[in-house]
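Colleague: To start, I am sharing the structure in question, which I have written as structure tokens.
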Amino acid sequence: MTNLSIVEALGQIAREKNVDREMVVQTLKDALVSAAKRRYGNTENYFAEVDPQTGSMEVVAHMRVVEEVEEPSAEITLEDALEIDGSAQLGGVVVNKLNFADFGRNAIQTAKQILIQRVREAERERIYEEFIGRVGILESGTVQQISHGDIVLNLGRAEAAIPYREQIRRERYRQGDAVRGYIYEVLKSSRGPQVLLSRSHPEFLRKLFSIEVPEIAEGIVQIHGVAREPGERAKIAVSTSDERVDPVGACVGVKGSRVQTIVRELSGERIDIVPWIDEPQIFIERALSPANVSRVITDNRRKHAIVLVDEDQLSLAIGKSGQNSRLAVKLTGWGLDIITEPQYQERRAKQELVQQLFHKIPGVSELIALSLTTSGFDSIRSVAEATLELLRTVPGLEEEEAARTLRSAAENFLVEHGPDVDKIEEQVVSAESSEESGQVEEEGAELSPESKEQSSDGIAQ
């Protein structure tokens, strides 16, 4: 290979792999040193020089001048040293220029493999650094293959995957289709960086609105929350810093043009756009639209709310298979208990019975009895069997000594008045069984068929 060919090869590798030319030159130096070690001996006295401008290359060995050679790869006799350098002396060092022709085929092949491997590693590192900085943005690619349900995309300079769990279930793709997704993670692997995209992530919807709605990109309209059941339905909460701008109207667009573009991107996913407000009662009402809410009773400590609706609005507020209420829970971050006014009154009556029951325990004030009731305790036995950690979550029982004293009092009361307590609690259970409620667990709880039974009107019990 001529010097000019070497210069061209170095430039071509740097361009094709999109890596720094200096790194390629340094890697070539390291590869030549490795080849020398493979041929002459694995010592640390070999050095390579490569001029990227002229293409000249040389490998030299720094040899110690000795009377008797014990390590041929690092030592040389004075007689041989004088042939290289006429001023050589015992104990000194001479620089011996090595002949590439003496390296041998295996050594040259090793140098080539090292160069290829190092350049490949540098390319992978560059791609990783590029995409780790792009986490949180949208990326488009073409479908390369579908493997075990995962979609493998060609991004041009890298490959990406949309795992099955991150796909919209109703979507089907073929090789060559263009697909857009949200980069949520970039992993290092033995095969290079693994870019993971999602089409089901809530942030995917947020980014789509940022692209389609200029007011969001400019910061005039803000998105405060996104809740999705991918491919089915979604809710987003928006507000504006400019009173002249209608945040909902800006997201919808003229004749729905903006939101429809996003709906098509998400394969028909219905999107409710809710005006955000920093008042939980009003925001919860809006989040449950299209249902009309009578009133909302909030418990800020537990971040839980009782939502009262008319009978004809109950199924609409809960939605098909509980979808509307689940999305409202995710959007607001509040646990919601959706019931009618009669159900609420029945519940109040039951709570009063339970409260009276707790008040019979020696040392329990009306305030503590109320706190126990609103914290979910429904019997003296439930107090007696509760852990101290659980009791300390009750307002007024934060101190361990107070919780321990109450539990002991409940245990003693059960021992002394067991039969009478059982009769009173039977009344409470009877009142509870006659009540039908529409409770939705707080965000993060699993609403699976195994853990939540559905009553005949579709309300989660």
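Order determines the names: the first chain of the structure tokens is A, the second B, and so forth; residues in each chain are numbered 1 upward, and ligands are numbered 1 upward as they are shown.
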For segment 211-213 of chain A, please output as a list in words all residues within 7 Å (counting only C-alpha atoms; exclusion window: fewer than 5 positions along the same chain).
Modeller: Ala250, Cys251 and Arg258 of chain A
Colleague: Leaving out Pro163 of chain A and any residue of its chain fewer than 6 positions from it, which residues lie within 9 Å of it when counting only C-alpha atoms, given as a list in words?
Modeller: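 Those residues are Gly149, Asp150, Ile151, Val152, Leu196, Leu197 and Ser198 of chain A.
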Colleague: Could you write out that same residue set with C-alpha atoms as a PDB file, in the first residue's frame?
Modeller:
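Result file again26.pdb:
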```pdb
ATOM      1  CA  GLY A 149     -43.258  -9.140  18.812  1.00  0.00           C
ATOM      2  CA  ASP A 150     -40.627  -6.373  19.049  1.00  0.00           C
ATOM      3  CA  ILE A 151     -40.342  -3.930  16.154  1.00  0.00           C
ATOM      4  CA  VAL A 152     -36.751  -3.311  14.981  1.00  0.00           C
ATOM      5  CA  LEU A 196     -35.584   1.855  22.957  1.00  0.00           C
ATOM      6  CA  LEU A 197     -38.652   3.690  21.645  1.00  0.00           C
ATOM      7  CA  SER A 198     -42.209   3.801  22.940  1.00  0.00           C
TER       8      SER A 198
END
```
Colleague: Counting only C-alpha atoms, which of A:Tyr344, A:Gln222, A:Lys235, A:Lys320 gets nearest to Ile297 of chain A?
Modeller: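 Under the stated criterion, the closest residue is A:Tyr344.
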Colleague: Report as an NGL selection string: the residues of segment 82-223 of chain A with a DSSP assignment of strand (DSSP E or B), based on the backbone of this structure.
Modeller: :A and (93-97 or 138-147 or 150-154 or 159-162 or 178-187 or 194-198 or 221-223)
Colleague: Could you pull out the helix (DSSP H, G or I) residues of segment 13-196 of chain A, going by DSSP on the backbone, and write them as a PDB file with C-alpha atoms, in the first residue's frame?
Modeller:
```pdb
ATOM      1  CA  ILE A  13     -12.558   5.140   7.780  1.00  0.00           C
ATOM      2  CA  ALA A  14     -13.060   8.383   9.706  1.00  0.00           C
ATOM      3  CA  ARG A  15     -15.820   9.525   7.316  1.00  0.00           C
ATOM      4  CA  GLU A  16     -17.699   6.233   7.013  1.00  0.00           C
ATOM      5  CA  LYS A  17     -17.661   5.455  10.728  1.00  0.00           C
ATOM      6  CA  ARG A  21      -9.459  10.937  12.486  1.00  0.00           C
ATOM      7  CA  GLU A  22      -6.932  11.365  15.300  1.00  0.00           C
ATOM      8  CA  MET A  23      -8.537   8.397  17.050  1.00  0.00           C
ATOM      9  CA  VAL A  24      -8.120   6.302  13.882  1.00  0.00           C
ATOM     10  CA  VAL A  25      -4.452   7.287  13.657  1.00  0.00           C
ATOM     11  CA  GLN A  26      -3.831   6.461  17.319  1.00  0.00           C
ATOM     12  CA  THR A  27      -5.618   3.131  16.905  1.00  0.00           C
ATOM     13  CA  LEU A  28      -3.391   2.327  13.912  1.00  0.00           C
ATOM     14  CA  LYS A  29      -0.338   3.082  16.049  1.00  0.00           C
ATOM     15  CA  ASP A  30      -1.567   0.765  18.777  1.00  0.00           C
ATOM     16  CA  ALA A  31      -2.293  -1.950  16.199  1.00  0.00           C
ATOM     17  CA  LEU A  32       1.231  -1.703  14.752  1.00  0.00           C
ATOM     18  CA  VAL A  33       2.766  -1.930  18.237  1.00  0.00           C
ATOM     19  CA  SER A  34       0.607  -4.993  18.924  1.00  0.00           C
ATOM     20  CA  ALA A  35       1.811  -6.592  15.682  1.00  0.00           C
ATOM     21  CA  ALA A  36       5.429  -5.951  16.667  1.00  0.00           C
ATOM     22  CA  LYS A  37       4.882  -7.540  20.074  1.00  0.00           C
ATOM     23  CA  ARG A  38       3.279 -10.577  18.434  1.00  0.00           C
ATOM     24  CA  ARG A  39       6.302 -10.990  16.145  1.00  0.00           C
ATOM     25  CA  TYR A  40       9.254 -10.083  18.364  1.00  0.00           C
ATOM     26  CA  LEU A  78      27.200  -3.759  21.651  1.00  0.00           C
ATOM     27  CA  GLU A  79      28.430  -5.223  18.360  1.00  0.00           C
ATOM     28  CA  ASP A  80      24.919  -5.254  16.853  1.00  0.00           C
ATOM     29  CA  ALA A  81      24.099  -1.868  18.377  1.00  0.00           C
ATOM     30  CA  LEU A  82      27.094  -0.257  16.667  1.00  0.00           C
ATOM     31  CA  GLU A  83      25.725  -1.366  13.304  1.00  0.00           C
ATOM     32  CA  ILE A  84      22.602   0.656  14.051  1.00  0.00           C
ATOM     33  CA  PHE A 100       7.232  -4.453   8.189  1.00  0.00           C
ATOM     34  CA  ALA A 101       8.149  -7.322   5.863  1.00  0.00           C
ATOM     35  CA  ASP A 102       9.495  -9.221   8.898  1.00  0.00           C
ATOM     36  CA  ARG A 105       1.079 -12.539   7.997  1.00  0.00           C
ATOM     37  CA  ASN A 106      -0.384 -13.366  11.419  1.00  0.00           C
ATOM     38  CA  ALA A 107       0.981 -10.234  13.053  1.00  0.00           C
ATOM     39  CA  ILE A 108      -0.388  -8.017  10.273  1.00  0.00           C
ATOM     40  CA  GLN A 109      -3.761  -9.776  10.499  1.00  0.00           C
ATOM     41  CA  THR A 110      -3.818  -9.110  14.259  1.00  0.00           C
ATOM     42  CA  ALA A 111      -3.104  -5.424  13.653  1.00  0.00           C
ATOM     43  CA  LYS A 112      -5.952  -5.273  11.145  1.00  0.00           C
ATOM     44  CA  GLN A 113      -8.383  -6.920  13.574  1.00  0.00           C
ATOM     45  CA  ILE A 114      -7.383  -4.520  16.354  1.00  0.00           C
ATOM     46  CA  LEU A 115      -7.919  -1.536  14.076  1.00  0.00           C
ATOM     47  CA  ILE A 116     -11.361  -2.773  12.989  1.00  0.00           C
ATOM     48  CA  GLN A 117     -12.423  -3.594  16.556  1.00  0.00           C
ATOM     49  CA  ARG A 118     -11.260  -0.283  18.021  1.00  0.00           C
ATOM     50  CA  VAL A 119     -12.959   1.730  15.290  1.00  0.00           C
ATOM     51  CA  ARG A 120     -16.161  -0.264  15.783  1.00  0.00           C
ATOM     52  CA  GLU A 121     -16.048   0.362  19.536  1.00  0.00           C
ATOM     53  CA  ALA A 122     -15.466   4.083  18.946  1.00  0.00           C
ATOM     54  CA  GLU A 123     -18.398   4.187  16.556  1.00  0.00           C
ATOM     55  CA  ARG A 124     -20.648   2.446  19.082  1.00  0.00           C
ATOM     56  CA  GLU A 125     -19.568   4.833  21.834  1.00  0.00           C
ATOM     57  CA  ARG A 126     -20.237   7.829  19.594  1.00  0.00           C
ATOM     58  CA  ILE A 127     -23.724   6.543  18.734  1.00  0.00           C
ATOM     59  CA  TYR A 128     -24.427   5.850  22.422  1.00  0.00           C
ATOM     60  CA  GLU A 129     -23.350   9.370  23.440  1.00  0.00           C
ATOM     61  CA  GLU A 130     -25.457  10.835  20.656  1.00  0.00           C
ATOM     62  CA  PHE A 131     -28.639   8.994  21.593  1.00  0.00           C
ATOM     63  CA  ILE A 132     -28.252   9.172  25.373  1.00  0.00           C
ATOM     64  CA  TYR A 164     -44.024  -5.242  22.491  1.00  0.00           C
ATOM     65  CA  ARG A 165     -45.062  -3.700  25.826  1.00  0.00           C
ATOM     66  CA  GLU A 166     -44.410  -0.196  24.408  1.00  0.00           C
TER      67      GLU A 166
END
```
Colleague: Between atom CA of Gly41 of chain A and atom CA of Ala74 of chain A, what distance in Å does the model show, to one decimal?
Modeller: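 Value for the atom CA of Gly41 of chain A-atom CA of Ala74 of chain A distance: 8.3 Å.
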Colleague: Residues within 7 Å of segment 47-64 of chain A, please, as a VMD selection string. Count only C-alpha atoms; anything in the same chain fewer than 2 positions from it doesn't count.
Modeller: chain A and resid 3 to 4 6 to 7 25 29 32 to 33 45 66 74 to 76 91 to 98
Colleague: Give me the residues near Ser294 of chain A as a list in words, where near means some atom within 7 Å (using only C-alpha atoms) and where sequence neighbours in that chain fewer than 2 positions away do not count.
Modeller: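 That gives Asn292, Leu308, Val309 and Asp310 of chain A.
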Colleague: What separation in Å, quoted to one decimal, exists between atom CA of Gly156 of chain A and atom CA of Ser200 of chain A?
Modeller: 23.1 Å
Colleague: Measure the distance from atom CA of Ile380 of chain A to atom CA of Pro342 of chain A in Å and round it to one decimal.
Modeller: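 So the answer is 26.4 Å.
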Colleague: Skipping near chain neighbours, those fewer than 6 positions away, what residues fall within 12 Å of Lys360 of chain A using only C-alpha atoms, listed as a ChimeraX atom specification?
Modeller: /A:353-354,366,368-369,379-380,409-410,412-414,417,420-421,424
Colleague: Write out as an NGL selection string each polymer residue whose atoms come within 10 Å of Val221 of chain A, counting only C-alpha atoms; drop sequence neighbours fewer than 4 positions from it.
Modeller: :A and (210 or 213-217 or 238-242 or 245-248 or 250-251)
Colleague: Save out the residues we just selected, C-alpha atoms, as an mmCIF file, in the first residue's frame.
Modeller:
```cif
data_model
loop_
_atom_site.group_PDB
_atom_site.id
_atom_site.type_symbol
_atom_site.label_atom_id
_atom_site.label_comp_id
_atom_site.auth_asym_id
_atom_site.auth_seq_id
_atom_site.Cartn_x
_atom_site.Cartn_y
_atom_site.Cartn_z
ATOM 1 C CA SER A 210 -45.667 20.096 21.405
ATOM 2 C CA VAL A 213 -49.458 23.092 18.742
ATOM 3 C CA PRO A 214 -47.134 26.119 18.312
ATOM 4 C CA GLU A 215 -48.477 27.700 21.506
ATOM 5 C CA ILE A 216 -47.119 24.741 23.494
ATOM 6 C CA ALA A 217 -43.719 24.895 21.801
ATOM 7 C CA VAL A 238 -53.614 22.248 29.857
ATOM 8 C CA SER A 239 -53.425 25.864 30.974
ATOM 9 C CA THR A 240 -52.140 29.144 29.556
ATOM 10 C CA SER A 241 -50.040 32.048 30.753
ATOM 11 C CA ASP A 242 -51.863 34.381 28.339
ATOM 12 C CA VAL A 245 -55.429 32.344 24.541
ATOM 13 C CA ASP A 246 -57.890 29.492 25.025
ATOM 14 C CA PRO A 247 -55.628 26.528 25.901
ATOM 15 C CA VAL A 248 -58.209 23.913 24.923
ATOM 16 C CA ALA A 250 -55.317 25.986 20.810
ATOM 17 C CA CYS A 251 -54.854 22.228 21.255
#
```
